[in-house]
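Colleague: Have a look at this one.
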Amino acid sequence: MRTLPILLLSLLALIGVHPAFSQCPTTNITGNFTPNNGDTLSGTYNITGDFTVPAGVTIFVRPFPSGGCGELEVIAQGNITIAGTIRADSAGLPGGGGGQEGGANNVQFITSCPTPTDQCGSVFTFGGDGGTNSNPGGGGQGGNAGTDGSGRKNQCLTFGDEGGRVGGSGGGGGGAGGTYGGVGTNANAGGNGTMPTINSASTTNCINTPFVPGTGGNGGNIGVTYGTLNGLVFDLGSGGAGAGGGGRG
């Protein structure tokens, strides 16, 4: 019997820690099996005869997000001939989710006076969250959250809006790329918040809350490089981490 794995489990399986990909089906075929052009295969195929992908024929591996497998393994008692193409693009483990954008409290003080008007209005902007990590192994790591900004609205008293300003919060750091078959890329830091210009009337009173812009979170780091781009056995690829959320202006 000749065994030719086309696409195996993740790197964890190769070192003896087996993920529970119970969604991978097993198909038993008596005789020869020649898929048609455009067919999508998934899981393990036990074939008593030959497995053939003819020239000019392209078949696809069902992606992991579309069934929780992302694997194709062919075990044939006869010959395995691949003259065509087996495409497993985007069949590997999914990337991380994006980070949540930053919020703020007391935002009503930006456009209206505090109540009562002899009180100061403190406003805080919250940094954007970093994205979530990708899967273990070669998956990228999410960045850190941006830091908060702060500012204040001055006492309105009898003259109405006396002005104020608030520092924007920092954006979450970017997510690092996956590292299958080569070194991925570390992510960049998120953008820094800024502080708007201010006139002299806005600097009086209400000094307890500082004018502070937030800074962007650090970018995520890459995972461990694994896998190969050549040969007959391939691991599931790993996605990059999610992008960082934007800060609040």
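Ligands are numbered from 1 in the order shown, residues from 1 within each chain, and chains are lettered A, B, ... in the order they appear in the structure tokens.
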Find the spatial neighbours of Asp89 of chain A, counting only C-alpha atoms, within a cut-off of 12 Å - ignore same-chain residues fewer than 6 positions away - and output them as a PyMOL selection string.
Modeller: chain A and resi 7+40+59-64+70-71+234+236-239
Colleague: Write out as a PDB file with N, CA and C atoms, in the first residue's frame the residues lying within 9 Å of Ser134 of chain A, counting only C-alpha atoms and excluding same-chain residues fewer than 2 positions away.
Modeller:
ATOM      1  N   LEU A  93      -5.783  27.460   8.873  1.00  0.00           N
ATOM      2  CA  LEU A  93      -6.414  28.009  10.061  1.00  0.00           C
ATOM      3  C   LEU A  93      -6.693  29.501   9.883  1.00  0.00           C
ATOM      4  N   PRO A  94      -7.819  29.979  10.361  1.00  0.00           N
ATOM      5  CA  PRO A  94      -8.179  31.390  10.150  1.00  0.00           C
ATOM      6  C   PRO A  94      -7.345  32.334  10.999  1.00  0.00           C
ATOM      7  N   GLY A  95      -7.317  33.574  10.583  1.00  0.00           N
ATOM      8  CA  GLY A  95      -6.608  34.599  11.340  1.00  0.00           C
ATOM      9  C   GLY A  95      -7.438  35.101  12.510  1.00  0.00           C
ATOM     10  N   GLY A  96      -6.837  35.996  13.285  1.00  0.00           N
ATOM     11  CA  GLY A  96      -7.515  36.558  14.444  1.00  0.00           C
ATOM     12  C   GLY A  96      -8.515  37.632  14.064  1.00  0.00           C
ATOM     13  N   GLY A  97      -9.343  37.985  15.021  1.00  0.00           N
ATOM     14  CA  GLY A  97     -10.352  39.015  14.804  1.00  0.00           C
ATOM     15  C   GLY A  97      -9.809  40.409  15.061  1.00  0.00           C
ATOM     16  N   THR A 132      -7.181  40.088  18.109  1.00  0.00           N
ATOM     17  CA  THR A 132      -6.944  38.814  18.782  1.00  0.00           C
ATOM     18  C   THR A 132      -5.853  38.018  18.063  1.00  0.00           C
ATOM     19  N   PRO A 136      -2.422  28.871  17.376  1.00  0.00           N
ATOM     20  CA  PRO A 136      -1.060  28.557  17.830  1.00  0.00           C
ATOM     21  C   PRO A 136      -0.176  28.102  16.682  1.00  0.00           C
ATOM     22  N   GLY A 137       1.101  27.986  16.971  1.00  0.00           N
ATOM     23  CA  GLY A 137       2.053  27.600  15.932  1.00  0.00           C
ATOM     24  C   GLY A 137       2.590  28.817  15.232  1.00  0.00           C
ATOM     25  N   GLY A 138       2.285  28.946  13.944  1.00  0.00           N
ATOM     26  CA  GLY A 138       2.802  30.068  13.180  1.00  0.00           C
ATOM     27  C   GLY A 138       1.872  31.242  13.094  1.00  0.00           C
ATOM     28  N   GLY A 139       0.791  31.235  13.835  1.00  0.00           N
ATOM     29  CA  GLY A 139      -0.147  32.350  13.789  1.00  0.00           C
ATOM     30  C   GLY A 139       0.449  33.608  14.393  1.00  0.00           C
ATOM     31  N   GLY A 140       0.084  34.752  13.835  1.00  0.00           N
ATOM     32  CA  GLY A 140       0.570  36.017  14.365  1.00  0.00           C
ATOM     33  C   GLY A 140      -0.115  36.391  15.662  1.00  0.00           C
ATOM     34  N   GLN A 141       0.541  37.233  16.432  1.00  0.00           N
ATOM     35  CA  GLN A 141      -0.011  37.703  17.696  1.00  0.00           C
ATOM     36  C   GLN A 141      -0.613  39.094  17.513  1.00  0.00           C
ATOM     37  N   GLY A 142      -1.686  39.331  18.238  1.00  0.00           N
ATOM     38  CA  GLY A 142      -2.333  40.630  18.178  1.00  0.00           C
ATOM     39  C   GLY A 142      -1.517  41.702  18.881  1.00  0.00           C
ATOM     40  N   GLY A 175      -1.811  43.577  13.896  1.00  0.00           N
ATOM     41  CA  GLY A 175      -1.559  42.154  14.101  1.00  0.00           C
ATOM     42  C   GLY A 175      -0.449  41.650  13.188  1.00  0.00           C
ATOM     43  N   ALA A 176       0.377  40.745  13.715  1.00  0.00           N
ATOM     44  CA  ALA A 176       1.485  40.193  12.939  1.00  0.00           C
ATOM     45  C   ALA A 176       0.977  39.150  11.946  1.00  0.00           C
ATOM     46  N   GLY A 177       1.749  38.941  10.907  1.00  0.00           N
ATOM     47  CA  GLY A 177       1.388  37.973   9.882  1.00  0.00           C
ATOM     48  C   GLY A 177       1.718  36.550  10.286  1.00  0.00           C
ATOM     49  N   GLY A 178       1.120  35.595   9.576  1.00  0.00           N
ATOM     50  CA  GLY A 178       1.435  34.187   9.784  1.00  0.00           C
ATOM     51  C   GLY A 178       2.817  33.842   9.246  1.00  0.00           C
ATOM     52  N   SER A 238      -1.239  29.109   8.858  1.00  0.00           N
ATOM     53  CA  SER A 238      -1.749  29.926   9.953  1.00  0.00           C
ATOM     54  C   SER A 238      -2.007  31.345   9.471  1.00  0.00           C
ATOM     55  N   GLY A 239      -3.092  31.913   9.907  1.00  0.00           N
ATOM     56  CA  GLY A 239      -3.440  33.270   9.527  1.00  0.00           C
ATOM     57  C   GLY A 239      -2.742  34.295  10.397  1.00  0.00           C
ATOM     58  N   GLY A 240      -2.785  35.527   9.967  1.00  0.00           N
ATOM     59  CA  GLY A 240      -2.263  36.627  10.767  1.00  0.00           C
ATOM     60  C   GLY A 240      -3.245  37.026  11.854  1.00  0.00           C
ATOM     61  N   ALA A 241      -2.747  37.780  12.808  1.00  0.00           N
ATOM     62  CA  ALA A 241      -3.612  38.277  13.880  1.00  0.00           C
ATOM     63  C   ALA A 241      -4.516  39.389  13.363  1.00  0.00           C
ATOM     64  N   GLY A 242      -5.539  39.689  14.139  1.00  0.00           N
ATOM     65  CA  GLY A 242      -6.467  40.735  13.744  1.00  0.00           C
ATOM     66  C   GLY A 242      -5.862  42.119  13.843  1.00  0.00           C
TER      67      GLY A 242
END
Colleague: Would you list the contacts of Thr26 of chain A as a PDB file with C-alpha atoms, in the first residue's frame, taking every protein, DNA or RNA residue within 12 Å and counting only C-alpha atoms, but skipping same-chain residues closer than 3 positions in sequence?
Modeller:
ATOM      1  CA  PHE A  21     -10.417  18.102  14.040  1.00  0.00           C
ATOM      2  CA  SER A  22     -13.408  15.796  14.375  1.00  0.00           C
ATOM      3  CA  GLN A  23     -15.105  17.488  11.420  1.00  0.00           C
ATOM      4  CA  ILE A  29     -13.697   4.306  -2.263  1.00  0.00           C
ATOM      5  CA  LEU A  41     -12.282  17.440  -1.414  1.00  0.00           C
ATOM      6  CA  SER A  42     -11.974  17.260   2.343  1.00  0.00           C
ATOM      7  CA  GLY A  43     -10.645  14.798   4.896  1.00  0.00           C
ATOM      8  CA  THR A  44      -9.163  11.334   4.327  1.00  0.00           C
ATOM      9  CA  TYR A  45      -9.769   9.211   1.221  1.00  0.00           C
ATOM     10  CA  ASN A  46      -9.077   5.480   1.516  1.00  0.00           C
ATOM     11  CA  ILE A  47      -8.882   4.151  -2.034  1.00  0.00           C
ATOM     12  CA  CYS A  69     -11.114  20.392   8.556  1.00  0.00           C
ATOM     13  CA  GLU A  71      -7.127  18.771   5.378  1.00  0.00           C
ATOM     14  CA  LEU A  72      -6.778  16.381   2.444  1.00  0.00           C
ATOM     15  CA  GLU A  73      -5.067  13.024   2.900  1.00  0.00           C
ATOM     16  CA  VAL A  74      -5.086  10.363   0.204  1.00  0.00           C
ATOM     17  CA  ILE A  75      -4.297   6.739   1.078  1.00  0.00           C
TER      18      ILE A  75
END
Colleague: Using only C-alpha atoms, which of the listed residues (A:Thr179, A:Asp235, A:Asp39, A:Gly131) sits closest to Gly92 of chain A?
Modeller: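 Closest to Gly92 of chain A of all the choices is A:Asp235.
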Colleague: Excluding Val166 of chain A and residues on its chain fewer than 4 positions from it, collect all residues at most 7 Å away from it, counting only C-alpha atoms, and give them as a VMD selection string.
Modeller: chain A and resid 123 150 to 152 195 211
Colleague: To one decimal place, how far is atom CA of Phe51 of chain A from atom CA of Thr27 of chain A in Å?
Modeller: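 Straight-line distance from atom CA of Phe51 of chain A to atom CA of Thr27 of chain A works out to 13.0 Å.
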